[in-house]
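Asks: My questions all concern the structure below.
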Amino acid sequence: MAGLLLSLFGCNSDPKDDGKPESGDADLQPVAVPKFERDSAFDFVAKQVAFGPRVPNSDAQKRCKDWFVAKFTAYGLKVTEQPFTATAYTGKKVNGINIIAQYNPSATKRIFIASHWDSRPMADSPLETERKNEPILGADDGASGVGVILEIARALQADPPANLGVDFVLYDAEDYGDDSDVNPNPNSWCLGSQHWSRNLVPSGYSPKYGILLDMVGAKNVKFTKEGVSMNFAPTVMNKVWKTGQYLGYTNYFSEEKSGPVTDDHYFVNTIAHIPMIDIIGKSGETQTGFGAHWHTHNDDMDIIDVKALRAVGQTLLEVIYQEAAGRF
């Protein structure tokens with residue numbers, strides 16, 4: 001996850017964990033939706049973490065990329081790799097690889113779900129006291145969103161929704177930005193999504209909307225209505241939140257509004273002009289604006305909660321199948 005964007009614009013109980021609605025809603029009629037397998041998603045997160053920090057220019061980056069391509073291909077998706085080179089704020093050349101996987105590529109009606117797949121190359125949180133110059137594992141910040149995406153891709157292959165194309169985009173080099181307090185540069189973040197937004201794959205891509213996942217797997221996570229999302233795509237934001245609440249995940253999908261953040265969706269909205277929202281986690285907010293594990297070495301598998309993965313994944317499957325039925 002990138003950082004707070006400061007100047008762009010002007011008590012519930014745990015839900016039942018069976019993926020079934022606890023209450024009806026006039027706008028969300030029942031459709032057949034597969035169950036999101038939370039343990040499978042957890043395993044997908046763990047596999048990424050096992051590669052080690054997935055920072056650009058590393059062996060872990062290459063091995064993890066090859067694994068993503070193999071998994072998406074095995075699920076019957078059309079996979080495209082988009083390599084790029086960018087200059088980081090440090091002056092270092094960053095070799096990144098965006099990965100685009102398309103379900104039902106011939107469908108005209110399309111939506112897309114994205115996450116960044118790299119991890120932070122340093123543990124620079126003010127809450128970290130050791131090994132600050134070493135890259136982090138990024139179990140939540142990066143791997144959790146991709147774990148949810150891979151499980152959704154598996155579910156689509158097993159139970160295909162008709163008349164809808166779903167694209168998955170994994171952005172690289174999101175977390176290589178400048179987090180200093182002195183003259184921070186928002187454009188130093190999200191290098192992969194900036195490149196993709198200027199060089200759309202597929203060419204001329206024009207989906208109905210996009211949904212970004214960032215830090216969606218931590219214990220005690222909460223998703224607020226983030227400012228960039230509400231500025232560019234409030235209708236999508238409200239519908240997704242309503243869907244999560246409809247499924248009973250009210251302690252995850254909060255009506256609280258929060259300030260804008262520099263994340264991949266900002267550049268997709270402003271460069272590609274595709275409406276996109278961000279499901280971004282706030283887990284025990286600290287002085288950093290995020291959870292205590294953010295940009296620290298505590299962002300490992302111990303922070304990951306299968307219930308959080310399930311809340312996000314089941315909500316997105318509901319969105320997909322409602323969309324396919326023309327009801328979203």
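In the structure tokens, each chain is lettered A, B, ... as it comes, each chain's residues begin at 1, and ligands are numbered from 1 in order of appearance.
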Please identify which residues in region 28-192 of chain A DSSP calls strand (DSSP E) from the backbone, and express them as a PyMOL selection string.

Replies: chain A and resi 78-87+93-103+110-116+165-171

Asks: I want to know what sits within 8 Å of region 63-70 of chain A, based on only C-alpha atoms, with residues of the same chain fewer than 3 positions away left out; could you give that as a list in words?

Replies: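 In the requested form, the answer reads Gln48, Phe51, Arg54, Asp59, Ala60, Thr73, Ala74, Val79, Ile97 and Ile99 of chain A.
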
Asks: The selected residues should be written to file as a short mmCIF file (atom, residue, chain, number, x, y, z; two decimals), in the first residue's frame (atoms: C-alpha atoms).

Replies:
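The result, written out as part-v4.cif:
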data_model
loop_
_atom_site.label_atom_id
_atom_site.label_comp_id
_atom_site.auth_asym_id
_atom_site.auth_seq_id
_atom_site.Cartn_x
_atom_site.Cartn_y
_atom_site.Cartn_z
CA GLN A 48 3.35 -15.83 -2.31
CA PHE A 51 8.77 -16.84 -2.30
CA ARG A 54 8.50 -9.84 -4.13
CA ASP A 59 14.63 -13.65 -8.08
CA ALA A 60 11.51 -13.87 -5.90
CA THR A 73 -3.50 -20.38 -17.23
CA ALA A 74 -4.56 -23.52 -15.37
CA VAL A 79 -2.79 -14.28 -19.63
CA ILE A 97 5.84 -6.85 -14.75
CA ILE A 99 0.01 -9.42 -15.22
#

Asks: One decimal, Å: what's the distance from CA of Ser188 (chain A) over to CA of Gly145 (chain A), could you say?

Replies: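 It comes out at 21.4 Å.
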
Asks: So, counting only C-alpha atoms, which residue among A:Met230, A:Ala272, A:Leu164, A:Ile149 is closest to Gln314 (chain A)?

Replies: A:Ile149

Asks: Would you mind listing what lies within 12 Å of Ala308 (chain A) as a PyMOL selection string, with only C-alpha atoms counted and same-chain residues fewer than 2 positions away left out?

Replies: chain A and resi 14-15+17+36-39+41-42+140+144-145+147-148+215-223+244+249-253+279-283+303-306+310-315

Asks: For the residues selected in the previous step, produce a file with C-alpha atoms as a CSV table (one decimal), in the first residue's frame.

Replies:
chain,number,residue,atom,x,y,z
A,14,ASP,CA,-19.3,-11.0,13.5
A,15,PRO,CA,-21.4,-12.3,10.6
A,17,ASP,CA,-19.4,-17.3,7.9
A,36,PHE,CA,-15.6,-18.4,-1.6
A,37,GLU,CA,-13.2,-20.9,-0.1
A,38,ARG,CA,-11.3,-19.0,2.5
A,39,ASP,CA,-8.7,-21.7,3.2
A,41,ALA,CA,-7.3,-18.1,-0.5
A,42,PHE,CA,-5.2,-18.3,2.6
A,140,ASP,CA,-1.3,-8.3,3.9
A,144,SER,CA,-3.8,-10.8,0.5
A,145,GLY,CA,-5.5,-9.0,-2.4
A,147,GLY,CA,-4.9,-14.4,-2.8
A,148,VAL,CA,-8.5,-13.3,-3.0
A,215,MET,CA,-4.5,-4.9,2.5
A,216,VAL,CA,-7.7,-6.9,2.7
A,217,GLY,CA,-6.6,-9.9,4.9
A,218,ALA,CA,-5.6,-8.6,8.3
A,219,LYS,CA,-7.2,-9.5,11.6
A,220,ASN,CA,-9.7,-6.9,12.8
A,221,VAL,CA,-9.7,-5.1,9.4
A,222,LYS,CA,-12.3,-2.5,8.5
A,223,PHE,CA,-13.0,-1.1,5.1
A,244,GLY,CA,-21.1,-6.7,1.6
A,249,TYR,CA,-20.3,-8.5,6.7
A,250,THR,CA,-21.3,-5.2,8.4
A,251,ASN,CA,-18.3,-5.2,10.7
A,252,TYR,CA,-16.0,-5.1,7.7
A,253,PHE,CA,-17.8,-2.8,5.3
A,279,ILE,CA,-11.3,-1.8,-0.9
A,280,ILE,CA,-8.4,-0.9,1.5
A,281,GLY,CA,-8.0,-2.1,5.0
A,282,LYS,CA,-7.8,-0.1,8.2
A,283,SER,CA,-6.8,-2.6,10.9
A,303,ILE,CA,-1.5,-11.1,10.6
A,304,ILE,CA,-3.7,-12.9,8.0
A,305,ASP,CA,-7.3,-13.8,9.0
A,306,VAL,CA,-9.3,-16.2,6.8
A,310,ARG,CA,-13.8,-14.6,3.0
A,311,ALA,CA,-15.7,-11.3,3.6
A,312,VAL,CA,-14.0,-9.6,0.7
A,313,GLY,CA,-14.0,-12.7,-1.6
A,314,GLN,CA,-17.6,-13.6,-1.0
A,315,THR,CA,-18.7,-10.0,-1.5
